[in-house]
Each structure stands twice: as structure tokens, then as C-alpha cells.
Amino acid sequence: MEDQRTILHSEDEQIVQMYFARKEQAIVQTEQKYGAKLQNFAAGILKNREDAEECVNDTYLKAWNSIPPNHPRYLFAYLAKICRNLAFGKLDYKNADKRNARIVELTAEMELCIPGSFQDQVMDEKELGRIFSEFLKRLPKQKRLLFVRRYWYMDSIAKIAECFHLSESNVKTTLFRTRKEFKKYLEKEGVWL
């Protein structure tokens, strides 16, 4: 497993170096390696294939314009973050007059565990990322995967239950408890209600 991670990281590093060298082959390699994953990711948010394709193409352009100066350690995570932000931007634009019920539902779920004052605090994005990453690292693997599938990939409870061979009530209970743990962790880190 370790050798496979090293090989994957090495391939990603080669692609990143192509971006630094301003070789257009970097985009071709990125598309070959991660295009399908990014397409599925964007389509999961947008629920529209054409919009997802546009979002993925915009992801490649943003990557081209941001590498350098950025030097992502994990290329797919970097691309997924760009893609996710673009997809939500497109979703906000398309739903300017009406809120997407799924987004409202997920936001409401997370607001129950994120203190109100936290949203008002000016916090460095890296610090927020560090807190969230540390919390996720402390979770058992299955809880971590369920949490990420729900709140990063925005999968439905039904889809998560199917993927992990669990009942929907089991998924809901696990997510509820994990949100409570996250709230306690935020408080431990100095983010209070």
C-alpha cells in the first residue's frame, strides 16, 4: 500500500512539475488521471452533465492559472477543492431565486454543530483547515468516510447507506453523533457558542 501511495504521489508530482514548466501536457495528464472523478464529483453537486463538464473545464483553467505559485501536495484534493467551489458557485448562480433544498438541509445539519460565533470570527483559512483535518484524523475510518461523503461530496443518506451497506437510520445516527463530536472538538479548540 505504501509503495502504491508513493507511486501515485510521484505521478502527481510529475504533473505538478509540468504545470510549473507551463507545459500544456499537464492539463492533458490531469484530465486523463482525474477527469472522470472530477466529472462525477461536479455532477453529484450540480445534477447536470453539461454544467459539470463546464465546471471541470474551468477547474483545469484555474489549476493552470494557480500552479504556480501554488504547489499542491495532493493534486486530486487541490483539484477537488477548486471543482467544488466552482460547482457551488454555479449552483448559487442557477438557484439565485430559490434555495436548493439539499443545500439548505446540509447547512442546517452543520449549523447544529458549528457555534454561531464561529461564523462571525475572523479565522485564518489554514487554521480552520487544520482544525477540521485534525478532527477528521481522530475519527475511526468508517465515521470519517461517512462524514466526508455527506458534507464534502454531499451524498444523500440513501446513497451513503447503499455504498457502506448500512441502514439509513444507522447512517443518520452516526452522522448525528459525529456532528456532536465535531462541536465538542471546536469548543476544545477555543471556538465557543
# chains A, B, ... in the order shown; residues from 1 in each chain; ligands from 1

$ residues_around --residues "Met18 in chain A" --least-positions-apart "6" --cutoff "12 Å" --atoms "only C-alpha atoms" --output "PyMOL selection string"
chain A and resi 11-12+24-30+63-64+67-68+71

$ atom_distance --atom1 "CA of Asn170 in chain A" --atom2 "CA of Arg149 in chain A"
14.7 Å

$ residues_around --residues "Ala87 in chain A" --least-positions-apart "6" --cutoff "9 Å" --atoms "only C-alpha atoms" --output "PDB file with C-alpha atoms, in the first residue's frame"
ATOM      1  CA  ALA A  42     -19.273  18.038 -10.071  1.00  0.00           C
ATOM      2  CA  ALA A  43     -22.286  16.136 -11.411  1.00  0.00           C
ATOM      3  CA  ILE A  45     -23.431  18.629  -6.842  1.00  0.00           C
ATOM      4  CA  LEU A  46     -24.952  20.113  -9.978  1.00  0.00           C
ATOM      5  CA  ASP A  51     -22.828  22.057 -16.204  1.00  0.00           C
ATOM      6  CA  ALA A  52     -20.491  19.502 -14.639  1.00  0.00           C
ATOM      7  CA  CYS A  55     -17.165  23.145 -14.185  1.00  0.00           C
ATOM      8  CA  VAL A  56     -14.420  20.538 -14.750  1.00  0.00           C
TER       9      VAL A  56
END

$ atom_distance --atom1 "CA of Ile131 in chain A" --atom2 "CA of Tyr151 in chain A"
15.6 Å

$ closest_residue --among "A:Gln142, A:Ser10, A:Phe20, A:Val148" --to "Pro69 in chain A" --atoms "only C-alpha atoms"
A:Phe20

$ closest_residue --among "A:Tyr93, A:Pro140, A:Leu146, A:Glu31" --to "Ala161 in chain A" --atoms "only C-alpha atoms"
A:Leu146
